[in-house]
There are 2 protein chains.
Amino acid sequence: MAENSADLIDADTPDTLRLSVAEAVEIGARALQRVGYSGEDARIIVDQLIDNALCGYKFAGLPRILAIAGDEKTTAGRAPVKIVHETPLSALMDGGNNVGYIVAYRAAEVAIRKAREHGMASVGAYNSYYSGRNAYFAEKVVQEGFVCLHIASAKPRAVPPGAARPALGTNPLCFGFPSAKGPVIFDMGTAALMWGDIMLHAHLGQALPEGIGFDERGRPTTDAAATLRGGVATFGGYKGYGLAFAVQALGLLAGAALARGQVQDYGFLFWVVDPKIMLPGGDFEQQMAELVAKIKDTPRQPGVDEIRIPSERAYRERERRRKEGIVLERTVVDSLKAL
Amino acid sequence: MAENSADLIDADTPDTLRLSVAEAVEIGARALQRVGYSGEDARIIVDQLIDNALCGYKFAGLPRILAIAGDEKTTAGRAPVKIVHETPLSALMDGGNNVGYIVAYRAAEVAIRKAREHGMASVGAYNSYYSGRNAYFAEKVVQEGFVCLHIASAKPRAVPPGAARPALGTNPLCFGFPSAKGPVIFDMGTAALMWGDIMLHAHLGQALPEGIGFDERGRPTTDAAATLRGGVATFGGYKGYGLAFAVQALGLLAGAALARGQVQDYGFLFWVVDPKIMLPGGDFEQQMAELVAKIKDTPRQPGVDEIRIPSERAYRERERRRKEGIVLERTVVDSLKAL
């Protein structure tokens with residue numbers, strides 16, 4: 001699951017529909033408006049979901065609208081995202097129980113505005129859920145010419161080494177860099193497997209690889225459904241655990257504990273830096289492009305076609321799918337239209 | 001090697017000496033002054049080396065003075081570390097070919113000063129080598145009440161997935177957080193093994209674990225000496241590679257390419273944020289302490305005594321060794337006195 005197989009997920013079958021981007025946007029936006037989102041909020045959400053699908057994250061695409069519609073937080077009340085504390089360089093934002101797609105988008109907007117004015121910004125948001133794909137927000141920041149760190153802390157689902165219960169979110173961590181050849185984004189989860197992938201395994205009745213899942217009593221399991229009731233290992237031993245810990249701590253800086261008094265909760269943080277405050281000649285973008293080229297030119301192992309650069313393949317796939325369209329299950333489209 | 005065994009490294013034998021901190025500082029500072037460092041520079045370097053030894057990183061302690069003394073960069077000319085570009089929030093510093101212990105220390109000082117004045121800072125330094133232990137500098141920043149990200153990019157020694165030659169530094173990444181119970185620092189290398197550990201394996205004639213080393217022709221090897229002529233794998237598959245890549249890119253922001261026109265070179269970067277600009281009540285430190293307590297209280301697997309928190313064991317060992325002293329090989333002490 002960690003590797004996308006474009007051929008596999010883009011196959012046309014009797015059970016699929018191939019939609020243009022415009023068609024997919026239309027279906028998604030209408031469905032979101034029927035769930036209760038304003039036209040503007042629906043546009044913000046669907047823009048990310050379409051981008052996820054274009055980049056090859058099929059299950060982070062329009063099917064997520066069904067998950068959003070079914071989440072009890074979506075039917076609970078929500079208030080507009082608002083800044084509750086502010087300095088020239090920083091903002092803390094109450095997400096008003098809006099879904100993360102909207103809250104992180106608003107936080108990125110504020111971070112961009114402050115970095116434009118002052119060269120640096122730290123913006124955090126809390127009282128939200130379901131952060132979406134960090135790389136999407138980081139790319140928005142990078143398109144303005146800025147370097148950024150973006151994290152999303154969440155409620156406990158990841159099990160620290162030696163533990164029998166989750167204590168950390170799946171806690172993605174993302175760095176974004178502008179380059180003369182376009183944005184370069186590195187986005188990783190700190191859990192051994194994305195929660196969405198575990199849900200998918202459970203849905204399909206597939207076993208998880210060994211060493212990833214724990215059931216509700218903390219016993220190692222390969223049963224995906226049991227793992228959803230228990231937790232997932234942090235990735236990469238103590239290093240991955242340490243990163244998951246750091247993301248949870250950065251989430252506190254974003255106000256995570258202010259929503260429900262829980263220190264293990266959702267928080268979205270952006271640290272944004274204009275590279276011109278560091279390299280006055282504006283050379284950073286050129287140097288980044290040169291770094292990418294140097295790494296790609298590294299001599300390879302026999303049989304290896306290419307050294308990969310973070311985000312490179314996703315953006316290549318996005319270009320292709322913009323022309324070829326997005327493939328969706330007919331049942332998903334029917335369900336969206338029935339919302 | 002990844003795990004420190006305090007009992008092992010603190011054993012008194014006929015070949016060892018046990019020194020008080022004051023004695024070790026005296027021996028180290030005198031040796032550094034004989035190598036050509038001023039009293040102030042010697043104090044800065046030795047303070048870190050002693051801290052490394054106290055925290056259990058034995059080979060990052062006083063023995064490093066022998067490595068510094070033998071490095072050709074140490075005998076090449078050096079100039080005082082100086083700021084070459086500055087904004088209220090940022091500084092870019094030319095390290096003047098000083099060893100990283102001094103350059104990163106000066107960069108941390110400037111970052112602290114700017115964060116005190118403005119709540120945030122980004123400070124980078126280049127034209128240096130041998131960055132030392134990131135956690136040491138991060139702790140200095142955290143002791144002032146600030147959250148920080150600190151990275152050190154370096155020249156190519158780490159081999160990306162699929163590559164046959166190094167293209168990235170061993171590139172450590174460090175996050176630091178103040179808490180009501182003291183600093184919490186997470187510091188990790190992005191290579192599968194620290195370069196110093198590979199040097200130690202080579203010195204002792206020990207084989208490396210499988211999957212870590214590549215020889216000078218890019219062939220997988222367990223021979224540590226051959227690995228020193230080749231390179232070390234990045235840690236943790238594509239996630240570790242992506243982190244190593246991100247650190248190299250952040251190094252560019254610190255001016256890494258300005259020293260020698262190489263985009264794969266040494267750069268030390270600090271991003272510092274005063275948590276009070278985010279959480280006005282000053283609650284961050286309390287929440288951090290609560291997060292640590294919650295994670296430590298997580299139910300454990302059978303036979304597990306404790307859930308570890310990043311930096312916790314190092315600081316516990318430091319307290320113990322401050323009382324019990326530091327154990328050094330007699331040959332190391334003799335060599336230091338003979339410099």
# chains A, B, ... in the order shown; residues from 1 in each chain; ligands from 1
$ residues_around --residues "Phe284 of chain A" --least-positions-apart "4" --cutoff "10 Å" --atoms "only C-alpha atoms" --output "list of chain:residue names"
A:Gly145, A:Val147, A:Phe177, A:Pro178, A:Ser179, A:Ala180, A:Asp274, A:Pro275, A:Lys276, A:Met278, A:Leu279, A:Pro280, A:Met288, A:Ala289, A:Glu290, B:Ala249, B:Leu250, B:Leu252, B:Leu253, B:Ala254, B:Gly255, B:Ala257
$ write_last_selection --atoms "N, CA, C and O atoms" --output "JSON list (two decimals), in the first residue's frame"
[["chain", "number", "residue", "atom", "x", "y", "z"],
["A", 145, "GLY", "N", 6.84, 30.90, -2.41],
["A", 145, "GLY", "CA", 8.28, 31.13, -2.33],
["A", 145, "GLY", "C", 8.90, 30.83, -0.98],
["A", 145, "GLY", "O", 10.07, 31.11, -0.75],
["A", 147, "VAL", "N", 9.93, 28.39, 2.51],
["A", 147, "VAL", "CA", 10.25, 27.07, 3.07],
["A", 147, "VAL", "C", 9.30, 26.84, 4.23],
["A", 147, "VAL", "O", 8.96, 27.78, 4.95],
["A", 177, "PHE", "N", 9.92, 22.89, 0.18],
["A", 177, "PHE", "CA", 11.00, 23.76, -0.32],
["A", 177, "PHE", "C", 10.66, 24.26, -1.72],
["A", 177, "PHE", "O", 10.34, 23.45, -2.60],
["A", 178, "PRO", "N", 10.80, 25.55, -1.97],
["A", 178, "PRO", "CA", 10.70, 26.03, -3.35],
["A", 178, "PRO", "C", 12.01, 25.72, -4.08],
["A", 178, "PRO", "O", 13.08, 25.72, -3.48],
["A", 179, "SER", "N", 11.90, 25.44, -5.37],
["A", 179, "SER", "CA", 13.11, 25.30, -6.18],
["A", 179, "SER", "C", 12.84, 25.92, -7.55],
["A", 179, "SER", "O", 11.68, 26.16, -7.92],
["A", 180, "ALA", "N", 13.90, 26.17, -8.27],
["A", 180, "ALA", "CA", 13.76, 26.76, -9.61],
["A", 180, "ALA", "C", 13.00, 25.83, -10.54],
["A", 180, "ALA", "O", 12.50, 26.26, -11.58],
["A", 274, "ASP", "N", 10.74, 32.75, 4.82],
["A", 274, "ASP", "CA", 11.09, 33.26, 3.49],
["A", 274, "ASP", "C", 12.60, 33.05, 3.30],
["A", 274, "ASP", "O", 13.39, 33.61, 4.07],
["A", 275, "PRO", "N", 13.01, 32.26, 2.31],
["A", 275, "PRO", "CA", 14.46, 32.01, 2.18],
["A", 275, "PRO", "C", 15.27, 33.28, 1.95],
["A", 275, "PRO", "O", 16.47, 33.29, 2.22],
["A", 276, "LYS", "N", 14.61, 34.35, 1.51],
["A", 276, "LYS", "CA", 15.37, 35.60, 1.26],
["A", 276, "LYS", "C", 15.88, 36.23, 2.54],
["A", 276, "LYS", "O", 16.82, 37.03, 2.50],
["A", 278, "MET", "N", 17.36, 34.58, 4.69],
["A", 278, "MET", "CA", 18.59, 33.85, 4.96],
["A", 278, "MET", "C", 19.62, 34.09, 3.85],
["A", 278, "MET", "O", 20.75, 34.45, 4.12],
["A", 279, "LEU", "N", 19.23, 33.84, 2.61],
["A", 279, "LEU", "CA", 20.12, 34.02, 1.46],
["A", 279, "LEU", "C", 19.63, 35.23, 0.68],
["A", 279, "LEU", "O", 18.68, 35.14, -0.08],
["A", 280, "PRO", "N", 20.26, 36.38, 0.89],
["A", 280, "PRO", "CA", 19.70, 37.63, 0.36],
["A", 280, "PRO", "C", 19.65, 37.67, -1.16],
["A", 280, "PRO", "O", 18.78, 38.30, -1.74],
["A", 288, "MET", "N", 18.48, 24.69, -4.59],
["A", 288, "MET", "CA", 17.60, 23.53, -4.40],
["A", 288, "MET", "C", 17.52, 22.71, -5.69],
["A", 288, "MET", "O", 17.60, 21.47, -5.67],
["A", 289, "ALA", "N", 17.35, 23.39, -6.82],
["A", 289, "ALA", "CA", 17.27, 22.68, -8.10],
["A", 289, "ALA", "C", 18.58, 21.94, -8.37],
["A", 289, "ALA", "O", 18.58, 20.80, -8.85],
["A", 290, "GLU", "N", 19.70, 22.56, -7.98],
["A", 290, "GLU", "CA", 20.99, 21.91, -8.19],
["A", 290, "GLU", "C", 21.13, 20.70, -7.26],
["A", 290, "GLU", "O", 21.65, 19.65, -7.67],
["B", 249, "ALA", "N", 18.45, 20.08, 2.40],
["B", 249, "ALA", "CA", 17.81, 21.29, 1.87],
["B", 249, "ALA", "C", 17.81, 22.41, 2.91],
["B", 249, "ALA", "O", 18.08, 23.57, 2.59],
["B", 250, "LEU", "N", 17.53, 22.08, 4.17],
["B", 250, "LEU", "CA", 17.57, 23.09, 5.24],
["B", 250, "LEU", "C", 18.99, 23.62, 5.41],
["B", 250, "LEU", "O", 19.20, 24.79, 5.75],
["B", 252, "LEU", "N", 21.02, 24.19, 3.00],
["B", 252, "LEU", "CA", 21.18, 25.24, 1.99],
["B", 252, "LEU", "C", 20.68, 26.59, 2.52],
["B", 252, "LEU", "O", 21.28, 27.63, 2.26],
["B", 253, "LEU", "N", 19.58, 26.52, 3.28],
["B", 253, "LEU", "CA", 19.04, 27.74, 3.89],
["B", 253, "LEU", "C", 20.04, 28.34, 4.88],
["B", 253, "LEU", "O", 20.03, 29.54, 5.14],
["B", 254, "ALA", "N", 20.90, 27.47, 5.44],
["B", 254, "ALA", "CA", 21.93, 27.93, 6.38],
["B", 254, "ALA", "C", 23.20, 28.36, 5.66],
["B", 254, "ALA", "O", 24.21, 28.64, 6.30],
["B", 255, "GLY", "N", 23.16, 28.39, 4.32],
["B", 255, "GLY", "CA", 24.31, 28.87, 3.56],
["B", 255, "GLY", "C", 25.31, 27.80, 3.18],
["B", 255, "GLY", "O", 26.43, 28.13, 2.74],
["B", 257, "ALA", "N", 26.00, 26.04, 0.72],
["B", 257, "ALA", "CA", 26.65, 26.10, -0.60],
["B", 257, "ALA", "C", 27.61, 27.28, -0.73],
["B", 257, "ALA", "O", 28.35, 27.38, -1.72]]
$ select_by_dssp --residues "segment 64-122 of chain B" --states "strand (DSSP E or B)" --output "list in words"
Lys82, Ile83, Val84, His85, Glu86, Thr87, Ser90, Ala91, Leu92, Met93, Asp94, Gly95, Gly96, Asn97, Asn98, Val99, Met120, Ala121 and Ser122 of chain B
$ write_last_selection --atoms "all heavy atoms" --output "short mmCIF file (atom, residue, chain, number, x, y, z; two decimals), in the first residue's frame"
data_model
loop_
_atom_site.label_atom_id
_atom_site.label_comp_id
_atom_site.auth_asym_id
_atom_site.auth_seq_id
_atom_site.Cartn_x
_atom_site.Cartn_y
_atom_site.Cartn_z
N LYS B 82 31.43 35.06 11.95
CA LYS B 82 30.83 36.39 11.84
C LYS B 82 29.51 36.35 11.06
O LYS B 82 29.31 35.50 10.19
CB LYS B 82 31.80 37.39 11.19
CG LYS B 82 32.14 37.12 9.75
CD LYS B 82 32.86 38.35 9.17
CE LYS B 82 32.96 38.25 7.66
NZ LYS B 82 34.08 37.45 7.19
N ILE B 83 28.63 37.29 11.40
CA ILE B 83 27.35 37.43 10.70
C ILE B 83 27.61 38.12 9.37
O ILE B 83 28.22 39.18 9.33
CB ILE B 83 26.35 38.23 11.55
CG1 ILE B 83 26.00 37.46 12.83
CG2 ILE B 83 25.08 38.53 10.74
CD1 ILE B 83 25.10 38.21 13.80
N VAL B 84 27.15 37.51 8.27
CA VAL B 84 27.36 38.11 6.94
C VAL B 84 26.06 38.70 6.37
O VAL B 84 26.08 39.47 5.43
CB VAL B 84 27.95 37.10 5.94
CG1 VAL B 84 29.36 36.71 6.36
CG2 VAL B 84 27.06 35.86 5.80
N HIS B 85 24.91 38.28 6.92
CA HIS B 85 23.63 38.84 6.50
C HIS B 85 22.69 38.75 7.69
O HIS B 85 22.68 37.75 8.40
CB HIS B 85 23.06 38.08 5.31
CG HIS B 85 21.71 38.57 4.89
ND1 HIS B 85 21.50 39.83 4.37
CD2 HIS B 85 20.49 37.98 4.94
CE1 HIS B 85 20.22 39.99 4.10
NE2 HIS B 85 19.58 38.89 4.44
N GLU B 86 21.87 39.79 7.88
CA GLU B 86 21.06 39.83 9.09
C GLU B 86 19.77 40.58 8.84
O GLU B 86 19.75 41.57 8.11
CB GLU B 86 21.87 40.55 10.19
CG GLU B 86 21.28 40.42 11.57
CD GLU B 86 22.23 40.92 12.66
OE1 GLU B 86 23.20 41.64 12.32
OE2 GLU B 86 21.98 40.62 13.83
N THR B 87 18.67 40.08 9.40
CA THR B 87 17.42 40.84 9.52
C THR B 87 17.06 40.77 11.01
O THR B 87 17.72 40.05 11.78
CB THR B 87 16.28 40.23 8.67
OG1 THR B 87 15.77 39.07 9.34
CG2 THR B 87 16.74 39.87 7.26
N SER B 90 16.59 37.08 11.62
CA SER B 90 17.45 36.05 11.02
C SER B 90 18.90 36.48 10.97
O SER B 90 19.22 37.67 11.03
CB SER B 90 16.97 35.76 9.59
OG SER B 90 17.18 36.88 8.77
N ALA B 91 19.77 35.49 10.84
CA ALA B 91 21.18 35.76 10.61
C ALA B 91 21.78 34.61 9.82
O ALA B 91 21.41 33.45 9.99
CB ALA B 91 21.93 35.92 11.93
N LEU B 92 22.69 34.97 8.94
CA LEU B 92 23.48 34.01 8.20
C LEU B 92 24.92 34.25 8.62
O LEU B 92 25.40 35.39 8.58
CB LEU B 92 23.31 34.24 6.69
CG LEU B 92 23.97 33.21 5.77
CD1 LEU B 92 23.29 31.86 5.89
CD2 LEU B 92 23.93 33.70 4.32
N MET B 93 25.59 33.18 9.05
CA MET B 93 26.92 33.34 9.65
C MET B 93 27.97 32.54 8.90
O MET B 93 27.77 31.36 8.59
CB MET B 93 26.86 32.90 11.12
CG MET B 93 25.83 33.70 11.93
SD MET B 93 25.59 33.05 13.61
CE MET B 93 27.03 33.73 14.44
N ASP B 94 29.10 33.19 8.64
CA ASP B 94 30.26 32.50 8.06
C ASP B 94 31.07 31.92 9.22
O ASP B 94 31.57 32.67 10.06
CB ASP B 94 31.08 33.51 7.24
CG ASP B 94 32.29 32.86 6.57
OD1 ASP B 94 32.74 31.79 7.03
OD2 ASP B 94 32.79 33.44 5.60
N GLY B 95 31.19 30.61 9.24
CA GLY B 95 31.87 29.94 10.34
C GLY B 95 33.38 30.10 10.32
O GLY B 95 34.05 29.65 11.26
N GLY B 96 33.92 30.67 9.25
CA GLY B 96 35.36 30.96 9.20
C GLY B 96 36.23 29.72 9.31
O GLY B 96 37.34 29.80 9.83
N ASN B 97 35.72 28.58 8.83
CA ASN B 97 36.44 27.30 8.92
C ASN B 97 36.72 26.89 10.36
O ASN B 97 37.66 26.14 10.63
CB ASN B 97 37.74 27.33 8.09
CG ASN B 97 38.37 25.95 8.00
OD1 ASN B 97 37.68 24.96 7.77
ND2 ASN B 97 39.68 25.87 8.21
N ASN B 98 35.92 27.40 11.30
CA ASN B 98 36.02 26.89 12.66
C ASN B 98 35.27 25.57 12.77
O ASN B 98 34.32 25.30 12.02
CB ASN B 98 35.42 27.88 13.66
CG ASN B 98 36.37 29.01 13.97
OD1 ASN B 98 37.30 28.86 14.76
ND2 ASN B 98 36.17 30.15 13.30
N VAL B 99 35.69 24.75 13.72
CA VAL B 99 35.01 23.47 13.97
C VAL B 99 33.56 23.75 14.41
O VAL B 99 33.26 24.78 15.00
CB VAL B 99 35.81 22.67 15.04
CG1 VAL B 99 35.71 23.33 16.41
CG2 VAL B 99 35.36 21.22 15.09
N MET B 120 10.72 34.86 17.57
CA MET B 120 11.08 33.84 16.58
C MET B 120 12.44 34.18 16.00
O MET B 120 12.81 35.35 15.92
CB MET B 120 10.09 33.83 15.41
CG MET B 120 8.96 32.86 15.53
SD MET B 120 7.97 32.82 14.00
CE MET B 120 8.51 31.25 13.31
N ALA B 121 13.16 33.16 15.53
CA ALA B 121 14.43 33.42 14.84
C ALA B 121 14.78 32.25 13.93
O ALA B 121 14.43 31.10 14.20
CB ALA B 121 15.55 33.63 15.86
N SER B 122 15.46 32.58 12.84
CA SER B 122 16.06 31.59 11.96
C SER B 122 17.52 31.98 11.78
O SER B 122 17.81 33.07 11.28
CB SER B 122 15.34 31.58 10.60
OG SER B 122 16.02 30.73 9.68
#
$ closest_residue --among "B:Gly182, B:Gly230, B:Gly162, B:Gly267" --to "chain A" --atoms "only C-alpha atoms"
B:Gly162
$ residues_around --residues "segment 153-159 of chain A" --least-positions-apart "5" --cutoff "8 Å" --atoms "only C-alpha atoms" --output "number ranges by chain"
A: 129, 164-172, 191, 230-234, 247-248, 250-251, 256, 264-268
$ residues_around --residues "segment 306-317 of chain A" --least-positions-apart "2" --cutoff "9 Å" --atoms "only C-alpha atoms" --output "PyMOL selection string"
(chain A and resi 6+54-57+135+183-187+292+295-300+304+319-322) or (chain B and resi 160-163+238+241-242+245)
$ residues_around --residues "Val333 of chain B" --least-positions-apart "4" --cutoff "9 Å" --atoms "only C-alpha atoms" --output "list in words"
Leu17, Ile27, Leu62, Pro63, Leu328, Glu329, Lys337 and Ala338 of chain B
$ write_last_selection --atoms "N, CA, C and O atoms" --output "PDB file, in the first residue's frame"
ATOM      1  N   LEU B  17      41.045   5.520  33.609  1.00  0.00           N
ATOM      2  CA  LEU B  17      41.117   6.490  34.700  1.00  0.00           C
ATOM      3  C   LEU B  17      39.714   7.030  34.928  1.00  0.00           C
ATOM      4  O   LEU B  17      38.965   7.214  33.976  1.00  0.00           O
ATOM      5  N   ILE B  27      41.947  18.904  31.683  1.00  0.00           N
ATOM      6  CA  ILE B  27      42.753  18.167  30.693  1.00  0.00           C
ATOM      7  C   ILE B  27      42.334  18.549  29.273  1.00  0.00           C
ATOM      8  O   ILE B  27      43.174  18.800  28.405  1.00  0.00           O
ATOM      9  N   LEU B  62      36.027  13.569  25.327  1.00  0.00           N
ATOM     10  CA  LEU B  62      37.384  14.103  25.148  1.00  0.00           C
ATOM     11  C   LEU B  62      38.177  13.433  24.023  1.00  0.00           C
ATOM     12  O   LEU B  62      39.030  14.088  23.405  1.00  0.00           O
ATOM     13  N   PRO B  63      37.937  12.136  23.710  1.00  0.00           N
ATOM     14  CA  PRO B  63      38.695  11.552  22.587  1.00  0.00           C
ATOM     15  C   PRO B  63      38.551  12.341  21.291  1.00  0.00           C
ATOM     16  O   PRO B  63      39.439  12.306  20.438  1.00  0.00           O
ATOM     17  N   LEU B 328      37.804   7.358  31.400  1.00  0.00           N
ATOM     18  CA  LEU B 328      38.535   7.520  30.137  1.00  0.00           C
ATOM     19  C   LEU B 328      39.666   6.494  30.058  1.00  0.00           C
ATOM     20  O   LEU B 328      40.235   6.101  31.083  1.00  0.00           O
ATOM     21  N   GLU B 329      39.986   6.088  28.831  1.00  0.00           N
ATOM     22  CA  GLU B 329      41.154   5.225  28.633  1.00  0.00           C
ATOM     23  C   GLU B 329      42.417   6.001  29.026  1.00  0.00           C
ATOM     24  O   GLU B 329      42.570   7.164  28.647  1.00  0.00           O
ATOM     25  N   LYS B 337      47.496  14.697  26.832  1.00  0.00           N
ATOM     26  CA  LYS B 337      48.559  15.438  27.533  1.00  0.00           C
ATOM     27  C   LYS B 337      49.786  15.625  26.649  1.00  0.00           C
ATOM     28  O   LYS B 337      50.582  16.530  26.882  1.00  0.00           O
ATOM     29  N   ALA B 338      49.904  14.751  25.635  1.00  0.00           N
ATOM     30  CA  ALA B 338      51.076  14.828  24.752  1.00  0.00           C
ATOM     31  C   ALA B 338      50.854  15.752  23.550  1.00  0.00           C
ATOM     32  O   ALA B 338      51.769  15.957  22.758  1.00  0.00           O
TER      33      ALA B 338
END
$ closest_residue --among "A:His203, A:Leu208, A:Leu339, A:Tyr126" --to "chain B" --atoms "only C-alpha atoms"
A:Tyr126
$ select_by_dssp --residues "segment 13-208 of chain A" --states "alpha helix (DSSP H)" --output "MDAnalysis selection string"
chainID A and resid 21:35 39:54 63:70 72:75 100:118 134:142 195:204
$ decode --residues "segment 152-201 of chain A" --atoms "C-alpha atoms" --output "compact mmCIF listing (two decimals), in the first residue's frame"
# COMPACT_ATOMS: atom_id res chain seq x y z
CA ALA A 152 -0.47 17.60 12.27
CA SER A 153 -0.79 15.99 15.68
CA ALA A 154 -3.81 13.81 16.39
CA LYS A 155 -5.50 11.70 19.03
CA PRO A 156 -3.75 8.49 20.17
CA ARG A 157 -3.59 5.73 17.57
CA ALA A 158 0.15 4.98 17.46
CA VAL A 159 1.78 2.69 20.02
CA PRO A 160 5.25 3.68 21.34
CA PRO A 161 7.98 1.01 21.52
CA GLY A 162 7.29 -1.15 24.58
CA ALA A 163 3.72 0.11 25.02
CA ALA A 164 0.50 -1.88 24.76
CA ARG A 165 -1.83 1.04 24.02
CA PRO A 166 -1.68 3.99 21.65
CA ALA A 167 -0.24 7.20 23.11
CA LEU A 168 0.50 9.28 20.01
CA GLY A 169 -1.31 10.30 16.85
CA THR A 170 -0.26 8.96 13.47
CA ASN A 171 1.30 12.45 13.39
CA PRO A 172 2.51 13.33 9.90
CA LEU A 173 5.52 15.59 9.45
CA CYS A 174 6.17 17.56 6.26
CA PHE A 175 8.91 19.83 4.91
CA GLY A 176 8.39 21.98 1.81
CA PHE A 177 11.00 23.76 -0.32
CA PRO A 178 10.70 26.03 -3.35
CA SER A 179 13.11 25.30 -6.18
CA ALA A 180 13.76 26.76 -9.61
CA LYS A 181 12.14 23.59 -10.99
CA GLY A 182 9.02 23.78 -8.78
CA PRO A 183 8.05 22.77 -5.24
CA VAL A 184 9.77 19.84 -3.52
CA ILE A 185 7.70 18.43 -0.67
CA PHE A 186 8.60 15.64 1.74
CA ASP A 187 5.61 14.33 3.70
CA MET A 188 5.71 11.31 5.97
CA GLY A 189 3.54 9.67 8.58
CA THR A 190 5.27 8.68 11.80
CA ALA A 191 3.17 5.53 12.22
CA ALA A 192 4.25 2.27 10.60
CA LEU A 193 1.20 2.47 8.31
CA MET A 194 -1.31 5.22 7.58
CA TRP A 195 -4.58 4.83 9.49
CA GLY A 196 -6.46 5.06 6.19
CA ASP A 197 -4.47 2.10 4.89
CA ILE A 198 -5.40 0.07 7.95
CA MET A 199 -9.05 1.00 7.41
CA LEU A 200 -8.71 -0.12 3.80
CA HIS A 201 -7.15 -3.44 4.84
